[in-house]
Structures are given as C-alpha cells and as structure tokens.
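Student: File name my_file05.pdb; file contents PDB, C-alpha atoms; full text below.
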ATOM      1  CA  MET A 254     -60.717 107.275  51.103
ATOM      2  CA  LEU A 255     -59.905 107.821  47.448
ATOM      3  CA  VAL A 256     -61.627 105.297  45.218
ATOM      4  CA  SER A 257     -59.199 103.074  43.306
ATOM      5  CA  ARG A 258     -59.174 103.358  39.539
ATOM      6  CA  THR A 259     -61.086 100.852  37.501
ATOM      7  CA  LEU A 260     -59.365  99.558  34.383
ATOM      8  CA  ARG A 261     -60.756 100.558  31.015
ATOM      9  CA  LEU A 262     -61.145  98.005  28.279
ATOM     10  CA  SER A 263     -58.703  99.951  26.057
ATOM     11  CA  GLU A 264     -55.971  99.539  28.705
ATOM     12  CA  VAL A 265     -56.196  95.753  28.744
ATOM     13  CA  HIS A 266     -54.323  93.586  26.256
ATOM     14  CA  VAL A 267     -54.152  89.874  25.569
ATOM     15  CA  GLY A 268     -51.165  88.433  27.416
ATOM     16  CA  ASP A 269     -51.205  91.006  30.221
ATOM     17  CA  GLU A 270     -50.434  89.379  33.557
ATOM     18  CA  LEU A 271     -52.249  90.315  36.742
ATOM     19  CA  PRO A 272     -50.060  91.385  39.661
ATOM     20  CA  PRO A 273     -49.716  88.158  41.688
ATOM     21  CA  LEU A 274     -51.336  87.846  45.111
ATOM     22  CA  THR A 275     -49.367  85.963  47.786
ATOM     23  CA  LYS A 276     -51.136  84.437  50.770
ATOM     24  CA  HIS A 277     -49.677  82.877  53.906
ATOM     25  CA  PRO A 278     -52.477  80.623  55.161
ATOM     26  CA  THR A 279     -52.401  79.368  58.749
ATOM     27  CA  THR A 280     -54.601  76.852  60.563
ATOM     28  CA  ARG A 281     -55.970  79.874  62.425
ATOM     29  CA  GLN A 282     -57.096  81.345  59.103
ATOM     30  CA  LEU A 283     -58.775  78.051  58.172
ATOM     31  CA  VAL A 284     -60.729  78.176  61.443
ATOM     32  CA  GLN A 285     -61.644  81.791  60.678
ATOM     33  CA  TYR A 286     -62.742  80.842  57.156
ATOM     34  CA  ALA A 287     -64.719  77.867  58.504
ATOM     35  CA  GLY A 288     -66.610  80.227  60.811
ATOM     36  CA  ALA A 289     -67.177  82.908  58.169
ATOM     37  CA  SER A 290     -68.254  80.483  55.448
ATOM     38  CA  GLY A 291     -70.119  77.917  57.527
ATOM     39  CA  ASP A 292     -68.008  75.026  56.199
ATOM     40  CA  PHE A 293     -67.044  73.185  59.382
ATOM     41  CA  TYR A 294     -65.743  69.991  57.775
ATOM     42  CA  GLU A 295     -63.027  68.848  60.217
ATOM     43  CA  ILE A 296     -60.421  68.113  57.510
ATOM     44  CA  HIS A 297     -59.772  71.868  57.525
ATOM     45  CA  TYR A 298     -58.784  72.272  61.190
ATOM     46  CA  GLU A 299     -58.570  68.945  63.036
ATOM     47  CA  LYS A 300     -55.323  67.129  62.241
ATOM     48  CA  PRO A 301     -56.215  63.651  63.598
ATOM     49  CA  PHE A 302     -59.491  63.735  61.652
ATOM     50  CA  ALA A 303     -57.689  64.772  58.453
ATOM     51  CA  GLU A 304     -55.081  62.038  58.887
ATOM     52  CA  ALA A 305     -57.733  59.389  59.533
ATOM     53  CA  ALA A 306     -59.305  60.489  56.240
ATOM     54  CA  GLY A 307     -56.046  59.728  54.445
ATOM     55  CA  LEU A 308     -54.792  63.303  54.176
ATOM     56  CA  PRO A 309     -51.285  64.451  55.168
ATOM     57  CA  GLY A 310     -52.781  66.942  57.624
ATOM     58  CA  VAL A 311     -55.375  69.719  57.564
ATOM     59  CA  ILE A 312     -55.960  71.193  54.135
ATOM     60  CA  LEU A 313     -57.149  74.499  52.699
ATOM     61  CA  HIS A 314     -60.809  74.883  51.729
ATOM     62  CA  GLY A 315     -61.153  74.856  47.949
ATOM     63  CA  LEU A 316     -63.487  77.829  48.238
ATOM     64  CA  LEU A 317     -60.844  79.762  50.173
ATOM     65  CA  LYS A 318     -58.615  79.445  47.114
ATOM     66  CA  ALA A 319     -61.539  80.443  44.866
ATOM     67  CA  GLY A 320     -62.137  83.433  47.148
ATOM     68  CA  TRP A 321     -58.533  84.488  46.641
ATOM     69  CA  LEU A 322     -59.029  84.272  42.869
ATOM     70  CA  GLY A 323     -61.953  86.658  43.329
ATOM     71  CA  GLU A 324     -59.743  88.994  45.353
ATOM     72  CA  LEU A 325     -57.016  88.818  42.696
ATOM     73  CA  VAL A 326     -59.449  89.733  39.908
ATOM     74  CA  GLN A 327     -61.421  92.488  41.668
ATOM     75  CA  THR A 328     -58.245  94.118  43.017
ATOM     76  CA  TRP A 329     -56.704  94.143  39.536
ATOM     77  CA  ALA A 330     -59.800  95.325  37.669
ATOM     78  CA  GLY A 331     -60.934  97.948  40.200
ATOM     79  CA  PRO A 332     -64.147  98.583  42.129
ATOM     80  CA  ASN A 333     -66.389  99.395  39.164
ATOM     81  CA  ALA A 334     -65.554  96.181  37.339
ATOM     82  CA  PHE A 335     -68.222  93.498  37.526
ATOM     83  CA  VAL A 336     -66.930  89.966  37.950
ATOM     84  CA  ARG A 337     -69.372  87.934  35.836
ATOM     85  CA  HIS A 338     -67.889  84.485  36.109
ATOM     86  CA  ILE A 339     -65.249  82.624  38.075
ATOM     87  CA  GLU A 340     -64.423  78.972  37.704
ATOM     88  CA  ALA A 341     -61.904  77.103  39.842
ATOM     89  CA  SER A 342     -60.763  73.514  39.551
ATOM     90  CA  TYR A 343     -58.722  72.094  42.424
ATOM     91  CA  ARG A 344     -55.997  69.770  41.160
ATOM     92  CA  GLY A 345     -54.186  69.170  44.418
ATOM     93  CA  ILE A 346     -54.445  69.713  48.131
ATOM     94  CA  ASP A 347     -52.714  72.567  49.928
ATOM     95  CA  GLN A 348     -51.717  72.848  53.548
ATOM     96  CA  PRO A 349     -51.380  75.806  55.913
ATOM     97  CA  GLY A 350     -47.910  77.068  56.789
ATOM     98  CA  ARG A 351     -46.897  77.302  53.141
ATOM     99  CA  PRO A 352     -47.163  80.352  50.911
ATOM    100  CA  TYR A 353     -49.752  80.243  48.130
ATOM    101  CA  VAL A 354     -49.541  82.494  45.082
ATOM    102  CA  LEU A 355     -52.509  83.444  42.897
ATOM    103  CA  GLY A 356     -51.929  84.665  39.363
ATOM    104  CA  GLY A 357     -53.686  85.322  36.104
ATOM    105  CA  ARG A 358     -53.356  86.387  32.486
ATOM    106  CA  VAL A 359     -55.636  88.069  29.956
ATOM    107  CA  VAL A 360     -56.686  85.624  27.238
ATOM    108  CA  SER A 361     -59.194  87.738  25.322
ATOM    109  CA  THR A 362     -60.913  91.088  25.259
ATOM    110  CA  GLU A 363     -64.221  91.752  23.595
ATOM    111  CA  ALA A 364     -65.847  95.155  23.090
ATOM    112  CA  SER A 365     -69.555  95.276  23.817
ATOM    113  CA  THR A 366     -71.942  95.617  20.886
ATOM    114  CA  ASP A 367     -73.105  98.964  22.347
ATOM    115  CA  SER A 368     -69.847 100.441  20.947
ATOM    116  CA  ASP A 369     -69.619 102.584  24.087
ATOM    117  CA  GLY A 370     -66.112 101.287  24.834
ATOM    118  CA  SER A 371     -67.214  98.852  27.498
ATOM    119  CA  GLY A 372     -66.627  95.152  27.181
ATOM    120  CA  VAL A 373     -65.640  91.853  28.649
ATOM    121  CA  VAL A 374     -62.193  90.513  29.503
ATOM    122  CA  GLU A 375     -61.488  86.806  29.820
ATOM    123  CA  LEU A 376     -58.753  85.664  32.158
ATOM    124  CA  GLU A 377     -56.994  82.428  32.853
ATOM    125  CA  LEU A 378     -56.204  82.076  36.549
ATOM    126  CA  TRP A 379     -54.117  79.837  38.706
ATOM    127  CA  GLY A 380     -52.988  79.237  42.258
ATOM    128  CA  GLN A 381     -49.631  77.673  42.894
ATOM    129  CA  ASP A 382     -47.848  76.247  45.885
ATOM    130  CA  GLU A 383     -44.278  76.949  46.968
ATOM    131  CA  THR A 384     -42.922  74.335  44.547
ATOM    132  CA  GLY A 385     -44.632  76.050  41.622
ATOM    133  CA  ARG A 386     -47.237  73.306  41.235
ATOM    134  CA  ARG A 387     -50.530  74.779  40.017
ATOM    135  CA  THR A 388     -53.035  73.177  42.372
ATOM    136  CA  THR A 389     -55.824  75.527  41.287
ATOM    137  CA  ILE A 390     -56.666  76.217  37.662
ATOM    138  CA  GLY A 391     -59.380  78.705  36.857
ATOM    139  CA  LYS A 392     -60.853  81.290  34.605
ATOM    140  CA  ALA A 393     -62.897  84.451  34.908
ATOM    141  CA  ARG A 394     -64.962  86.906  32.884
ATOM    142  CA  VAL A 395     -64.951  90.529  33.979
ATOM    143  CA  GLU A 396     -67.041  93.397  32.654
ATOM    144  CA  LEU A 397     -65.203  96.701  32.291
ATOM    145  CA  GLU A 398     -66.702 100.108  31.615
ATOM    146  CA  ALA A 399     -65.681 102.461  28.842
TER
ATOM    147  CA  MET B  70     -55.792  49.268  46.013
ATOM    148  CA  ARG B  71     -59.553  49.365  46.036
ATOM    149  CA  ARG B  72     -59.816  46.096  47.928
ATOM    150  CA  ARG B  73     -57.419  47.351  50.577
ATOM    151  CA  ARG B  74     -59.451  50.500  51.077
ATOM    152  CA  ARG B  75     -62.659  48.489  51.303
ATOM    153  CA  ARG B  76     -61.269  46.329  54.049
ATOM    154  CA  HIS B  77     -60.064  49.392  55.884
ATOM    155  CA  SER B  78     -63.464  51.069  55.615
ATOM    156  CA  GLN B  79     -65.294  47.957  56.753
ATOM    157  CA  ARG B  80     -63.088  47.658  59.794
ATOM    158  CA  LYS B  81     -63.401  51.310  60.647
ATOM    159  CA  PHE B  82     -67.088  51.910  60.174
ATOM    160  CA  GLY B  83     -68.513  48.401  60.180
ATOM    161  CA  LYS B  84     -71.129  49.149  57.559
ATOM    162  CA  ARG B  85     -71.918  48.114  54.019
ATOM    163  CA  VAL B  86     -69.247  49.194  51.564
ATOM    164  CA  ALA B  87     -70.020  49.668  47.894
ATOM    165  CA  THR B  88     -67.746  49.293  44.915
ATOM    166  CA  LEU B  89     -67.343  52.418  42.773
ATOM    167  CA  GLU B  90     -69.673  50.905  40.167
ATOM    168  CA  GLU B  91     -72.354  50.236  42.777
ATOM    169  CA  ALA B  92     -72.007  53.717  44.270
ATOM    170  CA  VAL B  93     -72.231  55.352  40.813
ATOM    171  CA  ALA B  94     -75.316  53.284  39.917
ATOM    172  CA  GLU B  95     -77.002  54.160  43.224
ATOM    173  CA  GLY B  96     -75.996  57.824  42.996
ATOM    174  CA  GLN B  97     -77.278  58.140  39.435
ATOM    175  CA  ARG B  98     -80.743  57.125  40.626
ATOM    176  CA  HIS B  99     -80.799  60.450  42.497
ATOM    177  CA  VAL B 100     -79.748  62.727  39.628
ATOM    178  CA  GLY B 101     -82.367  65.457  39.334
ATOM    179  CA  MET B 102     -83.018  65.457  43.057
ATOM    180  CA  THR B 103     -83.457  68.992  44.428
ATOM    181  CA  GLY B 104     -82.792  70.029  47.995
ATOM    182  CA  PRO B 105     -84.864  72.415  50.107
ATOM    183  CA  ALA B 106     -84.658  76.155  49.402
ATOM    184  CA  ASN B 107     -82.605  77.992  52.026
ATOM    185  CA  SER B 108     -83.017  81.755  52.438
ATOM    186  CA  ARG B 109     -80.680  84.142  54.175
ATOM    187  CA  VAL B 110     -80.721  87.913  54.783
ATOM    188  CA  ILE B 111     -77.350  89.288  53.652
ATOM    189  CA  GLU B 112     -75.742  91.218  56.505
ATOM    190  CA  ALA B 113     -72.864  93.680  56.281
ATOM    191  CA  GLY B 114     -71.273  92.032  59.335
ATOM    192  CA  ALA B 115     -71.269  88.619  57.670
ATOM    193  CA  ILE B 116     -69.609  90.126  54.580
ATOM    194  CA  ARG B 117     -66.990  91.770  56.808
ATOM    195  CA  ARG B 118     -66.209  88.508  58.613
ATOM    196  CA  PHE B 119     -65.953  86.718  55.270
ATOM    197  CA  VAL B 120     -63.455  89.166  53.724
ATOM    198  CA  GLU B 121     -61.465  89.246  56.979
ATOM    199  CA  ALA B 122     -61.181  85.461  56.723
ATOM    200  CA  LEU B 123     -59.964  85.752  53.125
ATOM    201  CA  GLY B 124     -57.551  88.511  54.134
ATOM    202  CA  ASP B 125     -59.079  90.752  51.447
ATOM    203  CA  SER B 126     -58.859  94.405  52.539
ATOM    204  CA  ASN B 127     -60.777  95.896  49.582
ATOM    205  CA  PRO B 128     -62.925  98.688  51.124
ATOM    206  CA  LEU B 129     -65.622  98.059  48.497
ATOM    207  CA  TYR B 130     -66.866  95.260  50.764
ATOM    208  CA  THR B 131     -66.677  96.999  54.135
ATOM    209  CA  ASP B 132     -66.542 100.805  53.895
ATOM    210  CA  PRO B 133     -69.942 102.404  53.112
ATOM    211  CA  GLU B 134     -68.410 105.839  52.355
ATOM    212  CA  TYR B 135     -65.945 104.370  49.908
ATOM    213  CA  ALA B 136     -68.480 102.067  48.273
ATOM    214  CA  ARG B 137     -70.949 104.955  47.823
ATOM    215  CA  GLN B 138     -68.506 106.574  45.374
ATOM    216  CA  THR B 139     -68.379 103.502  43.142
ATOM    217  CA  ARG B 140     -70.881 102.564  40.413
ATOM    218  CA  TRP B 141     -72.613 100.317  42.947
ATOM    219  CA  GLY B 142     -73.547 103.194  45.260
ATOM    220  CA  GLY B 143     -72.930 101.071  48.359
ATOM    221  CA  ILE B 144     -71.265  97.991  49.764
ATOM    222  CA  ILE B 145     -71.390  94.791  47.740
ATOM    223  CA  ALA B 146     -70.339  91.275  48.707
ATOM    224  CA  PRO B 147     -67.178  89.788  47.189
ATOM    225  CA  PRO B 148     -67.768  87.292  44.373
ATOM    226  CA  THR B 149     -67.621  84.002  46.271
ATOM    227  CA  PHE B 150     -69.609  85.230  49.285
ATOM    228  CA  LEU B 151     -72.610  83.258  47.996
ATOM    229  CA  CYS B 152     -70.912  80.066  49.168
ATOM    230  CA  THR B 153     -71.803  81.093  52.730
ATOM    231  CA  ILE B 154     -75.468  80.385  51.979
ATOM    232  CA  GLN B 155     -75.816  76.665  52.436
ATOM    233  CA  ALA B 156     -77.758  74.788  49.780
ATOM    234  CA  PRO B 157     -78.465  71.472  51.502
ATOM    235  CA  LEU B 158     -78.794  68.345  49.407
ATOM    236  CA  THR B 159     -78.870  65.223  51.525
ATOM    237  CA  LEU B 160     -78.168  62.079  49.577
ATOM    238  CA  PRO B 161     -78.417  58.622  51.053
ATOM    239  CA  ASP B 162     -75.085  57.162  52.137
ATOM    240  CA  LEU B 163     -73.598  55.654  48.995
ATOM    241  CA  GLY B 164     -71.199  53.562  51.089
ATOM    242  CA  PHE B 165     -68.138  54.642  49.169
ATOM    243  CA  GLY B 166     -64.916  56.330  50.239
ATOM    244  CA  ARG B 167     -63.927  57.955  53.482
ATOM    245  CA  VAL B 168     -63.347  61.605  52.645
ATOM    246  CA  ASN B 169     -65.163  64.308  50.658
ATOM    247  CA  LEU B 170     -62.963  66.696  48.721
ATOM    248  CA  ASN B 171     -63.928  69.768  46.739
ATOM    249  CA  GLY B 172     -63.062  69.231  43.077
ATOM    250  CA  GLY B 173     -64.146  72.615  41.795
ATOM    251  CA  ASN B 174     -66.516  75.553  41.945
ATOM    252  CA  SER B 175     -67.961  77.793  39.296
ATOM    253  CA  TYR B 176     -70.183  80.850  39.626
ATOM    254  CA  LYS B 177     -71.963  83.036  37.094
ATOM    255  CA  TRP B 178     -73.290  86.269  38.523
ATOM    256  CA  HIS B 179     -76.124  88.337  37.068
ATOM    257  CA  ARG B 180     -75.689  91.127  39.598
ATOM    258  CA  PRO B 181     -73.656  91.681  42.773
ATOM    259  CA  VAL B 182     -75.120  90.729  46.150
ATOM    260  CA  ARG B 183     -75.726  93.560  48.639
ATOM    261  CA  PRO B 184     -76.497  93.855  52.329
ATOM    262  CA  GLY B 185     -80.270  93.637  52.817
ATOM    263  CA  ASP B 186     -80.779  91.207  49.951
ATOM    264  CA  VAL B 187     -82.672  88.065  50.835
ATOM    265  CA  ILE B 188     -80.965  85.323  48.862
ATOM    266  CA  THR B 189     -82.402  81.863  48.428
ATOM    267  CA  ALA B 190     -80.103  78.993  47.496
ATOM    268  CA  GLN B 191     -81.335  75.684  46.139
ATOM    269  CA  ALA B 192     -79.205  72.790  44.905
ATOM    270  CA  THR B 193     -79.895  70.063  42.356
ATOM    271  CA  LEU B 194     -77.829  66.950  41.779
ATOM    272  CA  VAL B 195     -76.965  67.000  38.067
ATOM    273  CA  GLU B 196     -74.307  64.347  37.546
ATOM    274  CA  VAL B 197     -72.804  61.281  39.224
ATOM    275  CA  ARG B 198     -69.868  59.398  37.741
ATOM    276  CA  GLY B 199     -66.720  57.556  38.620
ATOM    277  CA  ALA B 200     -63.165  58.442  37.683
ATOM    278  CA  GLN B 201     -59.638  57.187  38.069
ATOM    279  CA  SER B 202     -57.114  59.645  39.477
ATOM    280  CA  SER B 203     -53.494  59.441  40.544
ATOM    281  CA  SER B 204     -54.700  58.999  44.124
ATOM    282  CA  GLY B 205     -57.124  56.159  43.305
ATOM    283  CA  VAL B 206     -60.739  55.851  42.243
ATOM    284  CA  LEU B 207     -63.118  58.736  42.818
ATOM    285  CA  LEU B 208     -66.870  59.090  43.054
ATOM    286  CA  ILE B 209     -67.807  62.439  41.500
ATOM    287  CA  LEU B 210     -71.027  64.261  42.385
ATOM    288  CA  VAL B 211     -71.901  67.497  40.584
ATOM    289  CA  ARG B 212     -74.447  69.919  42.025
ATOM    290  CA  GLU B 213     -75.915  73.032  40.478
ATOM    291  CA  ILE B 214     -77.101  75.775  42.785
ATOM    292  CA  ARG B 215     -79.504  78.561  41.864
ATOM    293  CA  TYR B 216     -79.408  81.779  43.861
ATOM    294  CA  THR B 217     -82.487  83.983  43.645
ATOM    295  CA  ASP B 218     -83.326  87.266  45.347
ATOM    296  CA  GLN B 219     -86.303  88.669  47.270
ATOM    297  CA  ASP B 220     -88.045  89.461  43.969
ATOM    298  CA  GLY B 221     -87.561  85.945  42.657
ATOM    299  CA  ARG B 222     -84.917  87.061  40.163
ATOM    300  CA  LEU B 223     -81.910  84.926  39.396
ATOM    301  CA  VAL B 224     -78.809  86.468  41.023
ATOM    302  CA  ALA B 225     -76.243  83.754  40.322
ATOM    303  CA  GLU B 226     -75.754  80.182  39.227
ATOM    304  CA  GLY B 227     -73.226  77.928  40.907
ATOM    305  CA  ARG B 228     -71.808  74.542  40.062
ATOM    306  CA  SER B 229     -69.802  72.475  42.515
ATOM    307  CA  THR B 230     -67.963  69.224  41.948
ATOM    308  CA  GLY B 231     -67.610  66.993  44.981
ATOM    309  CA  LEU B 232     -65.096  64.148  45.026
ATOM    310  CA  ARG B 233     -65.434  61.181  47.321
ATOM    311  CA  ARG B 234     -62.507  58.848  47.740
TER
END
Using structure tokens, write down the structure from this file.
Tutor:
Amino acid sequence: MLVSRTLRLSEVHVGDELPPLTKHPTTRQLVQYAGASGDFYEIHYEKPFAEAAGLPGVILHGLLKAGWLGELVQTWAGPNAFVRHIEASYRGIDQPGRPYVLGGRVVSTEASTDSDGSGVVELELWGQDETGRRTTIGKARVELEA
Amino acid sequence: MRRRRRRHSQRKFGKRVATLEEAVAEGQRHVGMTGPANSRVIEAGAIRRFVEALGDSNPLYTDPEYARQTRWGGIIAPPTFLCTIQAPLTLPDLGFGRVNLNGGNSYKWHRPVRPGDVITAQATLVEVRGAQSSSGVLLILVREIRYTDQDGRLVAEGRSTGLRR
C-alpha cells in the first residue's frame, strides 16, 4: 500500500480547516469500544441503568469522542506527523443513532529553532451533534517534518 | 433541586448522603493520593481492536508493511490508545451524586507507543472542587496519570476530569 503523504509545515496556514470526519455511532459500537478500551461503565450500553442515573439513554464515551479527534488530526496531518498533545473537554452528552461530526482549524504554526523547516502546528478542534451544538471542544499540537 | 436529589438518593441507596460542600471537603483530604502502578504489554491485537472500535482505518496502526515505510519504521498505537491502560485510583465513597461523567481528557505524548512496549500507568488525585452547571451541582475530581515505559522513561502525561452529579 502506498504511504499517504504527510503535510509539510510550509503547506499549513493559519485558518486552514481540516476535512471534517463524520461518525455514525451505534450502541453496538459503544459495546465494541467498551470492550476495546476496558471502560465497562453501564451508562454506555445499558439503557435502564443510564435512565436510573438521570440520563436520557445510553451515552457516548467521552474518550470515544477524543479518539475521533485523534483520528481527525492524524488522518489530516499524515503518518509521519507526531501528535504531541490533544485536549478534549466534553460540554454535553451525545447518544448513539445520531451523526457526530469532528472538525478543526489551524490556529498557529511555529517553525522549529533548528531552521530545518520542521515545526509545530496548533489546532482548535470540535465535535458537534446533528443540531450543530459543539459538545466537544478541544485542541491539539502536531509536529510536522520539513 | 439539591434537596430533591438527596431525598431520591437516600431512598434509592439507603446510605449516608453528603452535601456538595461536605463531599468537596472530604475529597480534598485525599488530594495527592496516588494509586497503584499498573503495567501492560502493548499488543498489536489490542491496538487493532481499539482502532476497529473507533472506526479508524488508518493502516499506520494495523499494517506492518505500510507502517515500515513511515518514519516510525513499524506499527504505532493511535494517540488515545493509552486510555486502555487502567490507572486505578480508589477513593472512599464521598456520598455525593448518582452518576460519574467524563468532563475532559488531555494527553501530552513524548513518543508514540508501539507493540512490545511495557507501559506503566499511575494516577494521582490533583484537585477536588465543586461547581454549578446548567444541570445542577457537580463534584469535580481531577486526576493526573503518568505513563512510563520499560526503561522507566516518561512516555505520556494524561489529565482526566471526572464529574459526579
């Protein structure tokens, strides 16, 4: 398989938007994520438990949404980019059966002091539900090569 | 609002229920508490199951031939894979709220994680406070997690904000 291109610092500009990533989470996926991550808290797959806890139904794992932010960033930047930092703040709950869209924008670029053309890009990130409400707000720092 | 929830909790669980102020005061006594270190060998199969669960088809995480041609020279784990290594931190029951929600996660990586690494995770309680949100009062517990490798080097630092309401 041909290796995808990795972005160069010179190709990235403040204000650039990342191609959005749309997910269609299902309860099945939440069970799969529970198994793969080891987070078996029942609010993510057992409706009566979630309702007894005061939730409208089962909800997405916060770290599933953070994982999607990671996917968004690494897919955009390419395989040789090194994701240095990701931060995600969950501002609302999200439920399966509804599309979820991850997006991001370049907020700064900084050339490394080695003057070899490499450097660090800072991104603002978000995840929004079908109504456009941003229930995840985040940021990332990514290292790009020359 | 708070009184109504307290009555509900008492009826449901029949145990001592704390006010937010009491829970914060009790929780703050445990700030600085560190949980046991938990080590895990990173397996390619676990990485594959994790990216399948995300629905992330990037071959960098699953295809050795592909990954060999990248700067990493082999498969790496996706950024948030570290969350699969539990960092237990058992606090006494603070008697507040009936559900734990994840308020946020942050990771700083010093290098990617690879199959064969032995990663040790260890959590410390760094902050306990109360807050008012649109959905009522919240008890906030912040943990920091250090991830070190088989050589004792720091691989990543995590920070997670738990909300109890």
Student: Evaluated on this file, the PyMOL selection byres ((chain A) within 9 of (chain B)) picks out some residues - which ones are they, written as a ChimeraX atom specification?
Tutor: /A:254-256,276,282-292,296,303,305-308,314-321,323-324,327-328,332-345,389,391
Student: Nearest to Glu95 in chain B: which of B:Gly142, B:Pro184, B:Gly205, B:Gly164 is it, counting all atoms listed in the file?
Tutor: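 Using all atoms listed in the file, the shortest distance to Glu95 in chain B belongs to B:Gly164.
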Student: Starting from the shown file, work through the PyMOL selection byres ((chain A and resi 299) around 10) and note down what comes out as a ChimeraX atom specification.
Tutor: /A:280,284,294-298,300-304,310-312
Student: Please evaluate the PyMOL selection byres ((chain A and resi 365-367) around 12) against the structure above and give the resulting residues as a list in words.
Tutor: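 For this structure, the PyMOL selection byres ((chain A and resi 365-367) around 12) captures Leu262, Thr362, Glu363, Ala364, Ser368, Asp369, Gly370, Ser371, Gly372, Val373, Val374, Glu396, Leu397, Glu398 and Ala399 of chain A.
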Student: When you look at Thr279 in chain A with a cut-off of 6 Å (counting all atoms listed in the file), what residues show up, excluding the ones that are within fewer than 2 positions of it in the same chain? I need them as an mmCIF file with C-alpha atoms, in the coordinates of the input.
Tutor:
data_model
loop_
_atom_site.group_PDB
_atom_site.id
_atom_site.type_symbol
_atom_site.label_atom_id
_atom_site.label_comp_id
_atom_site.auth_asym_id
_atom_site.auth_seq_id
_atom_site.Cartn_x
_atom_site.Cartn_y
_atom_site.Cartn_z
ATOM 1 C CA ARG A 281 -55.970 79.874 62.425
ATOM 2 C CA GLN A 282 -57.096 81.345 59.103
ATOM 3 C CA PRO A 349 -51.380 75.806 55.913
ATOM 4 C CA GLY A 350 -47.910 77.068 56.789
#
Student: Do you have the CA of Arg394 in chain A-CA of Gly221 in chain B distance handy?
Tutor: 24.6 Å
Student: Suppose you want the space between CA of Gly185 in chain B and CA of Arg258 in chain A; what is it in Å?
Tutor: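 A separation of 26.8 Å between them.
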Student: Using Å and a single decimal, report how far CA of Ser108 in chain B sits from CA of Val197 in chain B.
Tutor: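 Pair CA of Val197 in chain B / CA of Ser108 in chain B returns 26.4 Å.
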Student: Would you kindly return, as a list in words, each protein, DNA or RNA residue with an atom no farther than 10 Å from any atom of Leu207 in chain B, considering only C-alpha atoms and excluding same-chain residues fewer than 6 positions away?
Tutor: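 With the cut-off at 10 Å, the set is Leu89, Val93, Phe165, Gly166, Asn169, Leu170, Arg198, Gly199, Ala200, Gln201, Gly231, Leu232, Arg233 and Arg234 of chain B.
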